Number of protein chains: 2
Amino acid sequence: MSLEGRFETDEGVVYVGGDARQRYHDSRGYGYPLEGNEIALAPVEAAHLLYRGDLERVVHGESGERLGFREFVSREPGDDFGVRFLVYADLRSRGFYLSPNAEPWVPDPPGGEADFAVFPRGKGPRDGEIAYALRIVGERTDIPAAELRPGVLAVVDEESEITYFEVGRRDPTGTSGSDATLPEACEADLLADRVVVWEPPTSLYEHTFYGQPLEGREYDEPTLQCSLLEAAYLAERGAIDLESETVRERGREVEGERFDRRLIVYTALRERGVVPKTGYKFGADFRTYADVDSVENLGHSELLVRVHPAGYVFEPRDLALDVRLAHGVRKTMVFALVDPEAGIEWWSLERLTP
Amino acid sequence: MSLEGRFETDEGVVYVGGDARQRYHDSRGYGYPLEGNEIALAPVEAAHLLYRGDLERVVHGESGERLGFREFVSREPGDDFGVRFLVYADLRSRGFYLSPNAEPWVPDPPGGEADFAVFPRGKGPRDGEIAYALRIVGERTDIPAAELRPGVLAVVDEESEITYFEVGRRDPTGTSGSDATLPEACEADLLADRVVVWEPPTSLYEHTFYGQPLEGREYDEPTLQCSLLEAAYLAERGAIDLESETVRERGREVEGERFDRRLIVYTALRERGVVPKTGYKFGADFRTYADVDSVENLGHSELLVRVHPAGYVFEPRDLALDVRLAHGVRKTMVFALVDPEAGIEWWSLERLTP
């Protein structure tokens with residue numbers, strides 16, 4: 001026999017009596033217990049029970065209207081009820097229990113804008129353990145960088161398919177060569193938006209992986225083409241004979257303030273022992289190599305780094321593109337969020353199959 | 001013995017006498033012939049001969065200054081001289097001859113903003129055959145959609161690596177089912193930014209591939225979730241019981257004018273026998289299926305389509321990302337440029353190794 005729920009609009013929950021506590025809460029993780037055997041369900045939980053046919057109907061407290069699944073979801077006013085329902089149903093169908101990320105469903109809900117607390121497989125709301133906080137957005141909902149939290153982000157696209165992203169902190173570190181081996185004041189020319197370093201010591205390219213040799217001509221030491229970022233960094237350390245401010249000015253001319261932001265990240269990566277090279281072919285700012293010993297034995301680059309200002313607002317579509325591409329080339333997508341005062345926050349996003 | 005060139009700034013070419021015509025033009029495709037054995041070289045051609053050591057130096061007509069490769073390229077004022085030189089040298093090293101896309105280097109140069117005319121392998125400027133027009137940009141140079149031309153686009157990134165894209169027209173066509181089989185006035189609800197169609201005939205999904213079944217519940221006919229685009233198209237044809245204007249208004253609320261643009265492209269694709277489904281997971285507007293007979297035997301989707309207004313300005317970085325991703329999933333990237341009056345222009349971009 002199916003039960004019936006009672007929906008009080010002003011309280012925003014659906015009450016179910018009878019043996020609801022044993023049937024829905026204790027054994028299947030829905031709602032939170034009240035006095036006796038009654039439980040309270042969030043609308044998304046009630047909708048799921050209606051959808052499954054476990055709850056026969058919900059009676060609307062004020063109007064006495066009797067609502068089936070279709071009527072219940074049609075009257076839910078929230079713009080994001082649909083997307084939350086889809087993700088809730090998807091995770092339950094994959095064998096997970098999850099509760100609204102709020103008291104009294106879960107004590108001490110994880111912070112941020114998370115919608116649900118997802119419990120470890122086989123566990124429920126009564127086991128005192130949360131696997132991760134889950135945030136859900138539609139593909140048209142922008143995500144301010146400041147709202148990123150470690151956990152999982154589910155994006156529901158316009159055709160109601162769901163993509164899960166694992167969001168975490170990711171501080172890049174590596175063992176690539178230090179600045180101790182840099183040459184001194186190599187001759188260099190600034191040409192439009194790049195720099196040519198004329199016949200520097202081989203190690204500049206071979207061991208510390210600066211620049212790109214200009215090929216097709218015989219030299220004892222190959223002439224290197226460097227990006228403005230590489231040149232600004234090298235000039236700052238006296239390795240080439242250009243003023244670093246001259247290079248930075250040129251960078252700002254051709255890229256605006258984006259150049260300074262990228263130089264901050266370039267410098268931080270080099271200082272962490274990680275070699276950044278352009279990520280242009282992957283549509284990113286950098287691809288990075290953690291352990292460069294020599295260019296001949298260069299391994300696979302591990303990260304794709306995209307630089308944004310700290311106040312950036314992500315569009316889920318762009319996240320999908322970046323993370324998908326990184327996954328396809330077996331790299332991890334990392335976002336470097338730059339605040340001129342507070343420094344850099346590093347976040348990784350990876351595709352996840354729950 | 002190397003020759004010497006004479007550079008007249010006001011004419012913008014380098015003159016080389018001696019046996020230059022036989023040596024550089026007739027046998028190796030540099031410059032254009034003048035009286036006797038003299039030839040005229042574009043600066044990029046002269047730079048390449050200097051770089052190879054084939055031309056010893058260039059004497060500057062006004063100042064009498066004697067320029068080697070380094071001095072010659074350092075005094076070239078154009079912002080894009082460096083990127084044009086890099087691509088010129090790259091294609092020559094791959095065994096191709098190419099000339100500036102202008103008279104008198106080539107008669108009737110192909111239109112548009114192309115920088116070079118590239119000749120078929122084994123051919124040169126005297127053979128009267130052009131393989132393609134080549135446009136060259138640095139990764140920081142924006143490309144207005146109106147400037148797209150069939151041919152090849154070379155993008156030089158900040159570290160001087162070159163990516164080649166083949167640019168062409170690509171009108172999508174297919175054999176997927178027509179509207180003749182659409183049902184009439186199925187019950188549907190508009191829920192925030194998606195539409196639920198309640199138990200429509202199975203064929204709506206199975207054969208014409210509209211919507212996405214709502215799973216996990218037993219129905220005779222599965223309930224479908226449709227995107228607002230699918231719903232607007234179906235409503236316009238009377239297949240669901242919503243007003244198409246109501247759906248379109250909701251689309252505009254959540255997406256702005258982008259919705260109308262996408263609906264124009266969605267409709268054009270359907271009318272061409274091509275089924276568009278969301279391209280969200282690839283960061284595109286649509287992925288498309290040319291020959292849908294039944295969803296059970298669905299093949300691989302062939303195209304990724306991104307919709308832009310006709311006046312759009314591309315950033316090379318975004319092109320790199322889109323084309324790279326499409327290539328990685330074995331699809332062709334197509335841009336649909338929408339002009340409300342003139343209709344849609346379809347352009348494909350594909351990676352090319354010359």
# chains A, B, ... in the order shown; residues from 1 in each chain; ligands from 1
>>> interface_residues(of="chain B", to="chain A", cutoff="8 Å", atoms="only C-alpha atoms", output="number ranges by chain")
B: 51-52, 74, 78-80, 82, 93, 140, 157-160, 163, 189, 191-194, 211-212, 216-217, 225-228, 254-255, 277-278, 280-284, 317-321, 324-325, 328
>>> write_last_selection(atoms="C-alpha atoms", output="PDB file, in the first residue's frame")
ATOM      1  CA  TYR B  51      68.666  33.363 -43.106  1.00  0.00           C
ATOM      2  CA  ARG B  52      69.796  30.444 -45.273  1.00  0.00           C
ATOM      3  CA  SER B  74      65.116  43.881 -36.664  1.00  0.00           C
ATOM      4  CA  GLY B  78      55.477  45.451 -39.580  1.00  0.00           C
ATOM      5  CA  ASP B  79      53.884  43.779 -36.546  1.00  0.00           C
ATOM      6  CA  ASP B  80      53.305  40.645 -38.526  1.00  0.00           C
ATOM      7  CA  GLY B  82      57.861  37.869 -37.781  1.00  0.00           C
ATOM      8  CA  SER B  93      61.236  23.580 -45.187  1.00  0.00           C
ATOM      9  CA  ARG B 140      46.544  37.447 -30.602  1.00  0.00           C
ATOM     10  CA  ASP B 157      51.325  30.970 -31.243  1.00  0.00           C
ATOM     11  CA  GLU B 158      53.259  33.024 -28.724  1.00  0.00           C
ATOM     12  CA  GLU B 159      56.096  30.494 -28.725  1.00  0.00           C
ATOM     13  CA  SER B 160      56.225  30.558 -32.536  1.00  0.00           C
ATOM     14  CA  THR B 163      48.932  25.485 -36.495  1.00  0.00           C
ATOM     15  CA  ASP B 189       4.593  21.023 -19.645  1.00  0.00           C
ATOM     16  CA  LEU B 191       9.269  23.456 -16.586  1.00  0.00           C
ATOM     17  CA  ALA B 192      11.734  26.308 -16.116  1.00  0.00           C
ATOM     18  CA  ASP B 193      14.223  25.879 -18.983  1.00  0.00           C
ATOM     19  CA  ARG B 194      13.079  22.514 -20.295  1.00  0.00           C
ATOM     20  CA  GLY B 211      14.070  14.449 -26.424  1.00  0.00           C
ATOM     21  CA  GLN B 212      15.547  12.160 -23.845  1.00  0.00           C
ATOM     22  CA  GLY B 216      13.605   4.713 -13.838  1.00  0.00           C
ATOM     23  CA  ARG B 217       9.867   4.403 -14.064  1.00  0.00           C
ATOM     24  CA  GLN B 225      12.432  15.603 -21.594  1.00  0.00           C
ATOM     25  CA  CYS B 226      13.050  18.034 -24.435  1.00  0.00           C
ATOM     26  CA  SER B 227      15.270  21.057 -24.700  1.00  0.00           C
ATOM     27  CA  LEU B 228      13.575  24.390 -25.321  1.00  0.00           C
ATOM     28  CA  VAL B 254      17.047  32.196 -20.246  1.00  0.00           C
ATOM     29  CA  GLU B 255      19.403  32.714 -23.189  1.00  0.00           C
ATOM     30  CA  LYS B 277      21.383  17.197 -30.412  1.00  0.00           C
ATOM     31  CA  THR B 278      23.077  19.253 -27.738  1.00  0.00           C
ATOM     32  CA  TYR B 280      27.210  20.712 -24.505  1.00  0.00           C
ATOM     33  CA  LYS B 281      29.621  17.941 -23.573  1.00  0.00           C
ATOM     34  CA  PHE B 282      31.890  19.135 -26.367  1.00  0.00           C
ATOM     35  CA  GLY B 283      31.404  22.796 -25.523  1.00  0.00           C
ATOM     36  CA  ALA B 284      29.520  23.311 -28.805  1.00  0.00           C
ATOM     37  CA  ARG B 317      42.690  30.620 -29.208  1.00  0.00           C
ATOM     38  CA  ASP B 318      39.013  29.695 -29.281  1.00  0.00           C
ATOM     39  CA  LEU B 319      39.367  28.288 -32.772  1.00  0.00           C
ATOM     40  CA  ALA B 320      42.283  26.171 -31.601  1.00  0.00           C
ATOM     41  CA  LEU B 321      40.240  24.818 -28.702  1.00  0.00           C
ATOM     42  CA  ARG B 324      41.331  20.461 -31.439  1.00  0.00           C
ATOM     43  CA  LEU B 325      38.449  19.064 -29.437  1.00  0.00           C
ATOM     44  CA  GLY B 328      40.000  14.502 -30.786  1.00  0.00           C
TER      45      GLY B 328
END
>>> select_by_dssp(residues="region 200-329 of chain B", states="helix (DSSP H, G or I)", output="count of residues only")
59
>>> residues_around(residues="Pro43 (chain B)", least_positions_apart="3", cutoff="12 Å", atoms="only C-alpha atoms", output="VMD selection string")
chain B and resid 5 to 9 11 to 15 30 to 31 40 46 to 51 58 69 72 to 78 81 to 82 84 to 85 88 99 to 100
>>> atom_distance(atom1="CA of Pro120 (chain B)", atom2="CA of Pro107 (chain B)")
15.9 Å
>>> closest_residue(among="A:Pro183, A:Pro144, A:Pro222, A:Pro33", to="Pro125 (chain A)", atoms="only C-alpha atoms")
A:Pro33
>>> residues_around(residues="Arg261 (chain B)", least_positions_apart="2", cutoff="10 Å", atoms="only C-alpha atoms", output="list in words")
Gly256, Glu257, Arg258, Phe259, Leu263, Ile264, Val265, Tyr266, Val307, His308, Pro309, Ala336, Leu337, Val338, Asp339, Pro340 and Ile344 of chain B
>>> closest_residue(among="B:Ala185, B:His25, B:Val118, B:Glu315", to="Asp241 (chain B)", atoms="only C-alpha atoms")
B:Ala185
>>> residues_around(residues="Gln22 (chain A)", least_positions_apart="4", cutoff="12 Å", atoms="only C-alpha atoms", output="list of chain:residue names")
A:Val16, A:Gly17, A:Gly18, A:Asp26, A:Ser27, A:Arg28, A:Gly29, A:Tyr30, A:Gly31, A:Tyr32, A:Pro33, A:Leu34, A:Gly36, A:Asn37, A:Glu38, A:Ile39
